[in-house]
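Novice: So here's entry_15.cif (mmCIF, C-alpha atoms and all ligand atoms).
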data_data
#
loop_
_atom_site.label_atom_id
_atom_site.label_comp_id
_atom_site.auth_asym_id
_atom_site.auth_seq_id
_atom_site.Cartn_x
_atom_site.Cartn_y
_atom_site.Cartn_z
CA MET A 1 104.48 77.10 87.19
CA TYR A 2 107.89 77.68 85.59
CA SER A 3 111.11 76.77 87.35
CA ILE A 4 113.84 79.28 86.45
CA THR A 5 117.41 79.60 87.67
CA LEU A 6 118.10 83.03 89.15
CA ILE A 7 121.74 84.06 89.53
CA PRO A 8 121.66 87.41 91.38
CA GLY A 9 125.36 88.08 90.63
CA ASP A 10 127.46 90.58 92.57
CA GLY A 11 128.02 94.36 92.72
CA ILE A 12 124.65 95.88 91.76
CA GLY A 13 123.38 92.42 90.65
CA PRO A 14 121.37 91.44 93.76
CA GLU A 15 119.46 94.75 93.97
CA ILE A 16 118.47 94.84 90.29
CA ALA A 17 117.54 91.13 90.47
CA GLU A 18 115.27 91.88 93.44
CA ALA A 19 113.57 94.65 91.46
CA MET A 20 113.13 92.35 88.45
CA VAL A 21 111.53 89.58 90.54
CA LYS A 22 108.96 92.03 91.99
CA VAL A 23 107.99 93.23 88.52
CA VAL A 24 107.75 89.77 86.92
CA GLU A 25 105.67 88.48 89.83
CA ALA A 26 103.26 91.42 89.43
CA THR A 27 102.22 90.05 86.03
CA GLY A 28 100.81 86.91 87.66
CA VAL A 29 103.09 84.52 85.75
CA GLU A 30 103.97 81.86 88.30
CA ILE A 31 107.67 81.20 88.67
CA LYS A 32 109.64 79.16 91.16
CA TRP A 33 113.03 80.91 91.34
CA ASP A 34 115.89 78.48 91.82
CA ILE A 35 118.41 80.92 93.34
CA GLN A 36 122.07 80.09 92.65
CA ASN A 37 124.96 82.31 93.65
CA ALA A 38 128.15 82.54 91.58
CA GLY A 39 131.15 84.88 91.40
CA GLU A 40 133.92 86.09 93.68
CA GLU A 41 132.27 85.41 97.08
CA VAL A 42 131.38 81.90 95.96
CA TYR A 43 134.96 81.45 94.74
CA LEU A 44 136.28 82.37 98.20
CA LYS A 45 133.84 79.95 99.91
CA GLU A 46 133.65 77.05 97.47
CA GLY A 47 136.93 77.39 95.52
CA ASN A 48 135.11 77.78 92.21
CA PRO A 49 133.29 80.93 91.03
CA LEU A 50 130.92 78.81 88.92
CA PRO A 51 130.25 75.59 90.86
CA GLU A 52 128.64 72.56 89.19
CA ARG A 53 125.42 73.13 91.16
CA VAL A 54 124.83 76.35 89.16
CA LEU A 55 125.32 74.61 85.82
CA ASP A 56 123.18 71.65 86.99
CA SER A 57 120.38 74.03 87.92
CA ILE A 58 120.42 75.67 84.47
CA LYS A 59 120.57 72.26 82.79
CA ARG A 60 117.53 71.17 84.81
CA ASN A 61 115.49 74.33 84.25
CA LYS A 62 116.76 75.10 80.71
CA ILE A 63 116.27 78.80 81.44
CA ALA A 64 118.11 81.25 83.68
CA ILE A 65 118.23 84.97 84.33
CA LYS A 66 121.25 86.56 85.89
CA GLY A 67 122.63 89.78 87.26
CA PRO A 68 126.17 90.82 86.31
CA ILE A 69 129.23 89.14 87.82
CA THR A 70 132.56 90.90 88.41
CA THR A 71 135.59 89.57 86.54
CA PRO A 72 139.01 90.26 88.09
CA VAL A 73 141.13 92.26 85.61
CA GLY A 74 144.35 90.72 84.27
CA THR A 75 144.68 88.05 86.98
CA GLY A 76 142.43 85.73 89.01
CA PHE A 77 139.67 83.45 87.76
CA ARG A 78 138.39 83.62 84.20
CA SER A 79 135.09 85.36 83.51
CA VAL A 80 132.13 83.41 84.93
CA ASN A 81 130.00 84.97 82.21
CA VAL A 82 132.23 83.73 79.39
CA THR A 83 132.56 80.26 80.99
CA LEU A 84 128.79 79.99 81.32
CA ARG A 85 128.27 80.86 77.66
CA GLN A 86 130.94 78.42 76.51
CA THR A 87 129.99 75.52 78.81
CA LEU A 88 126.30 75.66 77.92
CA ASP A 89 127.07 76.46 74.27
CA LEU A 90 124.96 79.62 74.41
CA TYR A 91 126.29 80.65 71.04
CA ALA A 92 124.00 83.58 70.25
CA CYS A 93 124.02 86.77 72.28
CA VAL A 94 121.02 88.88 71.34
CA ARG A 95 120.97 92.51 72.45
CA PRO A 96 118.13 94.71 71.23
CA CYS A 97 118.67 98.47 71.46
CA LYS A 98 115.45 100.37 70.85
CA SER A 99 114.75 104.04 71.57
CA PHE A 100 112.28 104.79 74.33
CA LYS A 101 110.33 108.03 74.06
CA GLY A 102 111.60 110.40 76.74
CA ALA A 103 114.96 108.69 77.29
CA LYS A 104 117.85 111.13 77.62
CA THR A 105 119.78 110.69 74.35
CA LYS A 106 120.79 112.58 71.21
CA TYR A 107 119.15 109.97 68.97
CA GLU A 108 115.60 109.08 68.04
CA ASN A 109 114.21 106.06 66.23
CA VAL A 110 117.08 103.70 66.97
CA ASP A 111 115.92 100.12 66.61
CA LEU A 112 118.93 97.83 66.39
CA VAL A 113 119.39 94.19 67.30
CA ILE A 114 122.96 93.09 67.94
CA VAL A 115 123.55 89.37 67.35
CA ARG A 116 126.98 88.58 68.79
CA GLU A 117 128.75 85.23 68.41
CA ASN A 118 129.40 84.06 71.94
CA THR A 119 131.84 81.13 71.90
CA GLU A 120 134.78 81.86 69.58
CA ASP A 121 137.12 84.67 68.57
CA LEU A 122 139.45 86.30 71.09
CA TYR A 123 137.05 85.20 73.85
CA ALA A 124 137.88 81.51 73.30
CA GLY A 125 140.22 81.77 76.30
CA VAL A 126 143.22 80.36 74.43
CA GLU A 127 145.96 82.53 75.87
CA PHE A 128 149.68 82.22 76.41
CA LYS A 129 151.36 84.18 79.20
CA LYS A 130 154.50 86.23 78.56
CA GLY A 131 157.74 84.40 79.32
CA GLN A 132 156.32 80.88 79.85
CA GLN A 133 157.98 77.98 78.04
CA GLU A 134 154.88 77.09 76.00
CA THR A 135 154.63 80.73 74.89
CA LEU A 136 158.26 80.72 73.74
CA ASP A 137 157.67 77.38 71.98
CA LEU A 138 154.64 78.86 70.25
CA ILE A 139 156.61 81.94 69.19
CA ASN A 140 159.33 79.71 67.69
CA PHE A 141 156.72 77.56 65.96
CA ILE A 142 155.04 80.63 64.44
CA THR A 143 158.38 82.00 63.24
CA SER A 144 159.33 78.64 61.70
CA LYS A 145 155.98 78.28 59.90
CA SER A 146 155.28 81.85 58.85
CA GLY A 147 158.67 83.55 58.83
CA LYS A 148 157.07 86.29 60.98
CA LYS A 149 158.93 87.52 64.07
CA ILE A 150 157.10 87.91 67.39
CA ARG A 151 158.94 89.57 70.27
CA GLU A 152 159.98 87.12 73.01
CA ASP A 153 158.41 89.26 75.71
CA SER A 154 154.94 88.97 74.13
CA GLY A 155 151.75 87.50 75.55
CA ILE A 156 149.55 85.83 72.94
CA SER A 157 145.77 85.49 72.62
CA ILE A 158 144.45 83.21 69.91
CA LYS A 159 141.52 84.20 67.70
CA PRO A 160 139.72 81.14 66.31
CA ILE A 161 136.78 81.70 63.95
CA SER A 162 135.25 78.59 62.39
CA VAL A 163 132.89 77.82 59.52
CA PHE A 164 130.64 75.95 61.98
CA GLY A 165 130.51 78.83 64.49
CA THR A 166 129.93 81.45 61.82
CA GLU A 167 127.33 79.45 59.95
CA ARG A 168 125.15 78.98 63.00
CA ILE A 169 125.38 82.56 64.27
CA VAL A 170 124.62 84.08 60.87
CA ARG A 171 121.75 81.62 60.39
CA PHE A 172 120.48 82.59 63.85
CA ALA A 173 120.55 86.28 62.81
CA PHE A 174 118.57 85.61 59.62
CA GLU A 175 116.04 83.39 61.40
CA TYR A 176 115.65 86.09 64.06
CA ALA A 177 115.12 88.68 61.30
CA ARG A 178 112.44 86.53 59.66
CA LYS A 179 110.58 85.74 62.89
CA ASN A 180 110.63 89.35 64.05
CA GLY A 181 109.72 91.07 60.78
CA ARG A 182 113.15 92.60 60.31
CA LYS A 183 114.30 93.74 56.87
CA LYS A 184 118.10 93.70 56.84
CA VAL A 185 121.11 91.88 58.28
CA THR A 186 124.52 93.58 58.32
CA ALA A 187 127.62 91.42 58.92
CA VAL A 188 130.41 93.33 60.67
CA HIS A 189 134.08 92.33 60.34
CA LYS A 190 137.65 93.41 59.67
CA ALA A 191 138.18 91.06 56.74
CA ASN A 192 140.54 93.45 54.96
CA ILE A 193 143.15 92.89 57.70
CA MET A 194 142.34 89.47 59.23
CA LYS A 195 141.75 87.55 56.04
CA TYR A 196 141.69 84.04 57.50
CA THR A 197 139.41 84.74 60.47
CA ASP A 198 137.21 87.73 59.68
CA GLY A 199 137.60 86.92 55.98
CA LEU A 200 136.18 83.47 56.66
CA PHE A 201 133.38 85.00 58.75
CA LEU A 202 132.44 87.22 55.80
CA GLU A 203 132.67 84.44 53.23
CA VAL A 204 130.39 82.13 55.27
CA ALA A 205 128.01 85.02 56.05
CA ARG A 206 127.59 85.66 52.32
CA GLN A 207 126.84 81.98 51.69
CA VAL A 208 124.20 81.87 54.41
CA ALA A 209 122.70 85.17 53.20
CA ASN A 210 122.09 83.60 49.77
CA GLN A 211 119.64 81.22 51.45
CA TYR A 212 117.52 84.15 52.73
CA PRO A 213 116.58 86.14 49.62
CA ASP A 214 113.67 87.76 51.48
CA ILE A 215 116.07 89.59 53.87
CA GLU A 216 118.47 92.26 52.63
CA PHE A 217 122.15 91.57 53.38
CA GLU A 218 125.18 93.83 53.49
CA ASP A 219 128.55 93.89 55.22
CA LYS A 220 130.52 96.65 56.90
CA ILE A 221 134.07 96.93 58.21
CA VAL A 222 133.90 97.39 61.97
CA ASP A 223 135.61 100.79 62.19
CA ASN A 224 133.32 102.22 59.53
CA MET A 225 130.37 100.58 61.32
CA CYS A 226 131.20 102.53 64.49
CA MET A 227 131.12 105.81 62.60
CA GLN A 228 127.95 104.89 60.71
CA LEU A 229 126.16 103.98 63.92
CA VAL A 230 127.10 107.28 65.52
CA GLN A 231 126.04 109.26 62.44
CA LYS A 232 122.95 107.42 61.16
CA PRO A 233 121.90 104.50 63.35
CA GLU A 234 118.41 104.53 61.82
CA LEU A 235 119.85 102.94 58.64
CA TYR A 236 120.65 99.68 60.48
CA ASP A 237 118.49 96.82 61.63
CA VAL A 238 120.02 93.44 62.67
CA LEU A 239 123.82 93.35 63.04
CA VAL A 240 125.70 90.03 63.22
CA LEU A 241 129.25 90.10 64.58
CA PRO A 242 132.10 87.96 65.87
CA ASN A 243 132.46 87.96 69.65
CA LEU A 244 134.76 90.92 70.38
CA TYR A 245 133.23 93.39 67.91
CA GLY A 246 129.81 92.30 69.19
CA ASP A 247 130.82 93.16 72.73
CA ILE A 248 132.08 96.61 71.80
CA ILE A 249 129.27 97.52 69.42
CA SER A 250 126.68 96.41 72.02
CA ASP A 251 127.88 99.11 74.40
CA LEU A 252 128.02 101.66 71.58
CA ALA A 253 124.42 100.82 70.63
CA ALA A 254 123.39 101.02 74.31
CA GLY A 255 124.87 104.53 74.35
CA LEU A 256 122.66 105.50 71.41
CA ILE A 257 119.46 104.72 73.30
CA GLY A 258 120.38 106.34 76.60
CA GLY A 259 122.97 104.11 78.23
CA LEU A 260 123.62 100.69 79.64
CA GLY A 261 120.74 101.04 82.08
CA LEU A 262 118.35 100.39 79.18
CA ALA A 263 120.08 97.56 77.30
CA PRO A 264 118.80 94.00 77.84
CA GLY A 265 120.29 90.78 76.52
CA ALA A 266 119.90 87.05 76.04
CA ASN A 267 122.43 84.26 75.54
CA ILE A 268 120.74 81.54 73.55
CA GLY A 269 121.81 78.05 72.51
CA ASP A 270 119.96 75.09 71.06
CA GLU A 271 119.20 73.71 74.56
CA TYR A 272 119.46 76.51 77.11
CA ALA A 273 118.93 80.25 77.39
CA VAL A 274 120.41 82.68 79.92
CA PHE A 275 119.03 86.22 80.04
CA GLU A 276 121.12 89.10 81.41
CA PRO A 277 121.59 92.84 80.99
CA THR A 278 124.43 94.11 78.79
CA HIS A 279 125.93 96.13 81.64
CA GLY A 280 128.38 94.89 84.27
CA SER A 281 128.36 94.87 88.07
CA ALA A 282 129.17 98.61 88.48
CA PRO A 283 130.83 97.89 91.87
CA LYS A 284 130.97 101.53 92.95
CA TYR A 285 127.16 101.63 93.11
CA LYS A 286 126.81 98.34 95.05
CA GLY A 287 124.13 98.40 97.75
CA LEU A 288 123.21 102.06 97.19
CA ASN A 289 119.74 101.39 95.72
CA LYS A 290 120.74 103.84 93.00
CA VAL A 291 121.17 102.12 89.65
CA ASN A 292 118.66 101.55 86.91
CA PRO A 293 116.91 98.15 86.98
CA PHE A 294 115.37 98.50 83.48
CA ALA A 295 118.08 96.49 81.67
CA ILE A 296 117.48 93.36 83.75
CA ILE A 297 113.70 93.96 83.71
CA LEU A 298 113.78 94.21 79.91
CA SER A 299 115.92 91.03 79.88
CA ALA A 300 113.04 89.41 81.80
CA VAL A 301 110.68 90.69 79.07
CA MET A 302 112.83 88.84 76.51
CA MET A 303 112.67 85.76 78.76
CA LEU A 304 108.89 85.90 79.06
CA ARG A 305 108.57 86.12 75.26
CA TYR A 306 110.94 83.14 74.94
CA LEU A 307 108.54 81.26 77.26
CA GLY A 308 105.56 82.33 75.13
CA GLU A 309 104.21 84.67 77.87
CA PHE A 310 103.55 87.50 75.41
CA ASN A 311 100.84 89.17 77.44
CA ALA A 312 102.97 89.50 80.58
CA ALA A 313 105.96 90.64 78.50
CA GLY A 314 103.86 93.33 76.81
CA LYS A 315 102.52 94.57 80.16
CA ILE A 316 106.02 95.06 81.57
CA GLU A 317 107.35 96.65 78.40
CA ASN A 318 104.44 99.13 78.25
CA ALA A 319 104.93 99.99 81.93
CA VAL A 320 108.66 100.60 81.36
CA ALA A 321 107.90 102.81 78.33
CA LYS A 322 105.35 104.80 80.37
CA VAL A 323 107.73 105.36 83.29
CA ILE A 324 110.55 106.49 80.97
CA GLU A 325 108.24 108.84 79.06
CA GLU A 326 106.89 110.41 82.25
CA GLY A 327 110.46 110.78 83.54
CA LYS A 328 109.38 110.95 87.21
CA TYR A 329 110.13 107.52 88.69
CA VAL A 330 113.53 107.08 87.03
CA THR A 331 117.04 106.63 88.36
CA TYR A 332 119.88 109.16 88.09
CA ASP A 333 121.11 107.98 84.69
CA LEU A 334 117.81 108.88 83.01
CA LYS A 335 117.45 112.33 84.56
CA SER A 336 118.56 115.39 82.60
CA GLN A 337 120.47 118.12 84.42
CA ASP A 338 117.65 120.67 84.07
CA ASP A 339 115.07 118.30 85.64
CA PRO A 340 114.18 119.83 89.05
CA THR A 341 112.78 116.55 90.49
CA PRO A 342 115.32 114.22 92.12
CA PRO A 343 115.99 110.72 90.77
CA VAL A 344 114.40 107.77 92.59
CA GLY A 345 116.03 104.54 93.80
CA THR A 346 116.17 101.11 92.17
CA GLN A 347 113.33 99.64 94.25
CA ASP A 348 111.12 102.75 93.77
CA VAL A 349 111.28 102.15 90.02
CA ALA A 350 110.21 98.53 90.53
CA GLU A 351 107.35 99.54 92.83
CA GLU A 352 106.05 102.08 90.31
CA LEU A 353 106.15 99.44 87.57
CA VAL A 354 104.22 97.05 89.84
CA ARG A 355 101.56 99.75 90.45
CA ILE A 356 101.14 100.32 86.70
CA ILE A 357 101.02 96.60 85.87
CA GLN A 358 98.41 95.90 88.55
CA ARG A 359 96.22 98.87 87.70
P1 LIG A 401 129.73 98.35 84.08
O1 LIG A 401 128.70 98.09 83.03
O2 LIG A 401 129.60 97.59 85.34
O3 LIG A 401 129.67 99.89 84.50
C1 LIG A 401 130.10 100.96 83.69
C2 LIG A 401 129.32 102.21 84.10
O4 LIG A 401 128.04 102.13 83.46
C3 LIG A 401 129.01 102.31 85.58
O5 LIG A 401 130.02 102.90 86.30
C4 LIG A 401 127.75 103.12 85.57
O6 LIG A 401 128.09 104.48 85.42
C5 LIG A 401 127.05 102.66 84.31
N1 LIG A 401 126.05 101.61 84.58
C6 LIG A 401 126.17 100.27 84.42
N2 LIG A 401 125.04 99.66 84.74
C7 LIG A 401 124.18 100.62 85.12
C8 LIG A 401 122.82 100.61 85.58
N3 LIG A 401 122.11 99.48 85.72
N4 LIG A 401 122.24 101.80 85.89
C9 LIG A 401 122.91 102.93 85.78
N5 LIG A 401 124.18 103.02 85.34
C10 LIG A 401 124.81 101.87 85.02
O7 LIG A 401 131.14 98.15 83.39
P2 LIG A 401 132.59 97.97 84.02
O8 LIG A 401 132.79 98.99 85.08
O9 LIG A 401 133.49 97.92 82.85
O10 LIG A 401 132.58 96.51 84.66
C11 LIG A 401 132.42 96.25 86.05
C12 LIG A 401 132.53 94.74 86.25
O11 LIG A 401 131.45 94.07 85.60
C13 LIG A 401 133.81 94.13 85.67
O12 LIG A 401 134.31 93.19 86.58
C14 LIG A 401 133.34 93.43 84.41
O13 LIG A 401 134.14 92.34 84.07
C15 LIG A 401 131.96 92.99 84.83
N6 LIG A 401 131.04 92.77 83.69
C16 LIG A 401 130.18 91.73 83.82
C17 LIG A 401 129.25 91.50 82.82
C18 LIG A 401 128.31 90.35 82.98
O14 LIG A 401 128.11 89.87 84.09
N7 LIG A 401 127.71 89.87 81.92
C19 LIG A 401 129.20 92.34 81.70
C20 LIG A 401 130.07 93.42 81.63
C21 LIG A 401 131.00 93.63 82.63
#
Can you dump the structure from the file as structure tokens?
Ligand code: NAD

Specialist:
Amino acid sequence: MYSITLIPGDGIGPEIAEAMVKVVEATGVEIKWDIQNAGEEVYLKEGNPLPERVLDSIKRNKIAIKGPITTPVGTGFRSVNVTLRQTLDLYACVRPCKSFKGAKTKYENVDLVIVRENTEDLYAGVEFKKGQQETLDLINFITSKSGKKIREDSGISIKPISVFGTERIVRFAFEYARKNGRKKVTAVHKANIMKYTDGLFLEVARQVANQYPDIEFEDKIVDNMCMQLVQKPELYDVLVLPNLYGDIISDLAAGLIGGLGLAPGANIGDEYAVFEPTHGSAPKYKGLNKVNPFAIILSAVMMLRYLGEFNAAGKIENAVAKVIEEGKYVTYDLKSQDDPTPPVGTQDVAEELVRIIQR
């Protein structure tokens, strides 16, 4: 019996988490779900959107799966998701984007794995608010050291990228490629403009790549990468990126395979792993039993493989592929306009998967 932390999240989180639990339990793998709430409601009740009890639970169980959690825009508490990744040092965000036969998309044969650095870059949370004394001090310091002028009414976000952080994420990408029979790793950056951050990322990536002669290595500038992925995604395999580009390219890649409803993810560190879909809490769909649960279900597939439960993972993945190919028991986002049959709800999808798995 495994003990796993389950953070349902908010918005559409609880309903997709419920669907995921049904499907995982249908495989017969025994799991004790240690349910821990986090997010805005918890913040209002407990004064902290990510209380210690949630972190303690993950530290005890080593593994968690979570639904999305809303982050207030511009003001309010910092992202629970980012804090979780930083506090538990979940430095590698792995997001596979693979075409499913029958999914509504312009592309076929997409099989990408995005490996996003999860702890540094503009997500480090080192920010200085417009007009505050420390911000003005920083602006003066920068001007005195670099001669560059920054307007006094600026806010500033700091972008740290280290040798340590880059080395371990690029190594993670190559090790992932080796273990999963992948052929190529592409490092994505903007080293032509940000020479001391992205330039360092590229330099370290090249050094690590030299230690993996069996895997092809190349690099691409991020803007070009966007165009290449839209034009010929089949040329790419594993992509390794700093945090912000990784975030953006993950959604782009999800779009190539039919949308966020199909894109799973994992945040992995040396000690802990937290599995979660790429998509957010889609608040406008909250409680409507409408959204697609596949992304969190496929995140559970990644989790089962991480646990060594390959048989159960395969059963769920095959059931998901079958349901998408048949196109009958799917939610609105996977229906094409000329399909005369109506979409089904979140829990109907889960129940159909359970029927297939138990057949
Ligand atoms: P979002 O991913 O929640 O939704 C964008 C759109 O994608 C939705 O309106 C919907 O049309 C579609 N979509 C998303 N998930 C879907 C699903 N399962 N099935 C069908 N369609 C789906 O992005 P957003 O609106 O930018 O963010 C909403 C909130 O989620 C924000 O507060 C954001 O900070 C948060 N967020 C959390 C996480 C996380 O918990 N890891 C990740 C991303 C965003």

Novice: Write out as CSV the residues of chain A that have any atom within 9 Å of an atom of ligand LIG 401 (chain A), one row each with the nearest atom pair and its distance in Å to one decimal, counting all atoms listed in the file, sorted by chain and then rising number.

Specialist:
residue,atom,partner,partner_atom,distance
A:Gly9,CA,A:LIG401,O14,7.3
A:Asp10,CA,A:LIG401,O14,8.5
A:Gly11,CA,A:LIG401,C12,7.9
A:Ile12,CA,A:LIG401,N3,7.5
A:Gly13,CA,A:LIG401,O14,8.5
A:Ile16,CA,A:LIG401,N3,7.5
A:Lys66,CA,A:LIG401,O14,7.8
A:Gly67,CA,A:LIG401,O14,6.3
A:Pro68,CA,A:LIG401,O14,3.1
A:Ile69,CA,A:LIG401,O14,4.0
A:Thr70,CA,A:LIG401,O12,3.4
A:Thr71,CA,A:LIG401,O12,3.8
A:Pro72,CA,A:LIG401,O12,5.7
A:Val73,CA,A:LIG401,O12,7.0
A:Ser79,CA,A:LIG401,O13,7.1
A:Val80,CA,A:LIG401,O14,7.7
A:Asn81,CA,A:LIG401,N7,5.4
A:Val82,CA,A:LIG401,N7,8.0
A:Asp247,CA,A:LIG401,C20,8.9
A:Asp251,CA,A:LIG401,O1,8.7
A:Gly259,CA,A:LIG401,N5,7.3
A:Leu260,CA,A:LIG401,N2,5.4
A:Gly261,CA,A:LIG401,C8,4.1
A:Leu262,CA,A:LIG401,N3,7.6
A:Ala263,CA,A:LIG401,N3,8.9
A:Glu276,CA,A:LIG401,N7,6.7
A:Pro277,CA,A:LIG401,N7,6.9
A:Thr278,CA,A:LIG401,C19,5.9
A:His279,CA,A:LIG401,O1,3.7
A:Gly280,CA,A:LIG401,O2,3.2
A:Ser281,CA,A:LIG401,O11,4.0
A:Ala282,CA,A:LIG401,O2,3.3
A:Pro283,CA,A:LIG401,C11,6.3
A:Lys284,CA,A:LIG401,O5,6.9
A:Tyr285,CA,A:LIG401,O5,7.5
A:Lys290,CA,A:LIG401,N4,7.5
A:Val291,CA,A:LIG401,N4,3.9
A:Asn292,CA,A:LIG401,N4,3.7
A:Pro293,CA,A:LIG401,N3,5.5
A:Phe294,CA,A:LIG401,N3,7.2
A:Ala295,CA,A:LIG401,N3,6.4
A:Ile296,CA,A:LIG401,N3,7.9
A:Thr331,CA,A:LIG401,C9,7.4
A:Tyr332,CA,A:LIG401,C9,7.3
A:Asp333,CA,A:LIG401,C9,5.5
A:Leu334,CA,A:LIG401,C9,8.3
A:Thr346,CA,A:LIG401,N4,8.8

Novice: Looking at A:Glu271, A:Arg60, A:Ile215, A:Leu202, which one is nearest to Ala177 of chain A, with distances taken over all atoms listed in the file?

Specialist: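 Of A:Glu271, A:Arg60, A:Ile215, A:Leu202, the one nearest Ala177 of chain A, counting all atoms listed in the file, is A:Ile215.
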
Novice: What is the distance, in Å and to one decimal place, between atom CA of Leu122 of chain A and atom CA of Pro160 of chain A?

Specialist: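 If I compute the distance from atom CA of Leu122 of chain A to atom CA of Pro160 of chain A, I get 7.0 Å.
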
Novice: Just give me the gap between atom CA of Phe201 of chain A and atom CA of Ile169 of chain A in Å, one decimal is fine.

Specialist: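 It comes out at 10.0 Å.
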
Novice: Between A:Leu136, A:Asn311, A:Gly76, A:Thr87, which has the minimum distance to Glu52 of chain A (counting all atoms listed in the file)?

Specialist: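 Ranking A:Leu136, A:Asn311, A:Gly76, A:Thr87 by distance to Glu52 of chain A, first place goes to A:Thr87.
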
Novice: In Å, how far is it from atom CA of Thr186 of chain A to atom CA of Met302 of chain A?

Specialist: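 Going from atom CA of Thr186 of chain A over to atom CA of Met302 of chain A covers 22.1 Å.
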
Novice: Fewer than 5 positions away in the same chain doesn't count, so skip those; otherwise give me all residues within 12 Å of Leu244 of chain A, counting all atoms listed in the file, as a ChimeraX atom specification.

Specialist: /A:82,93,115-124,159-161,188-190,198,222,249-251
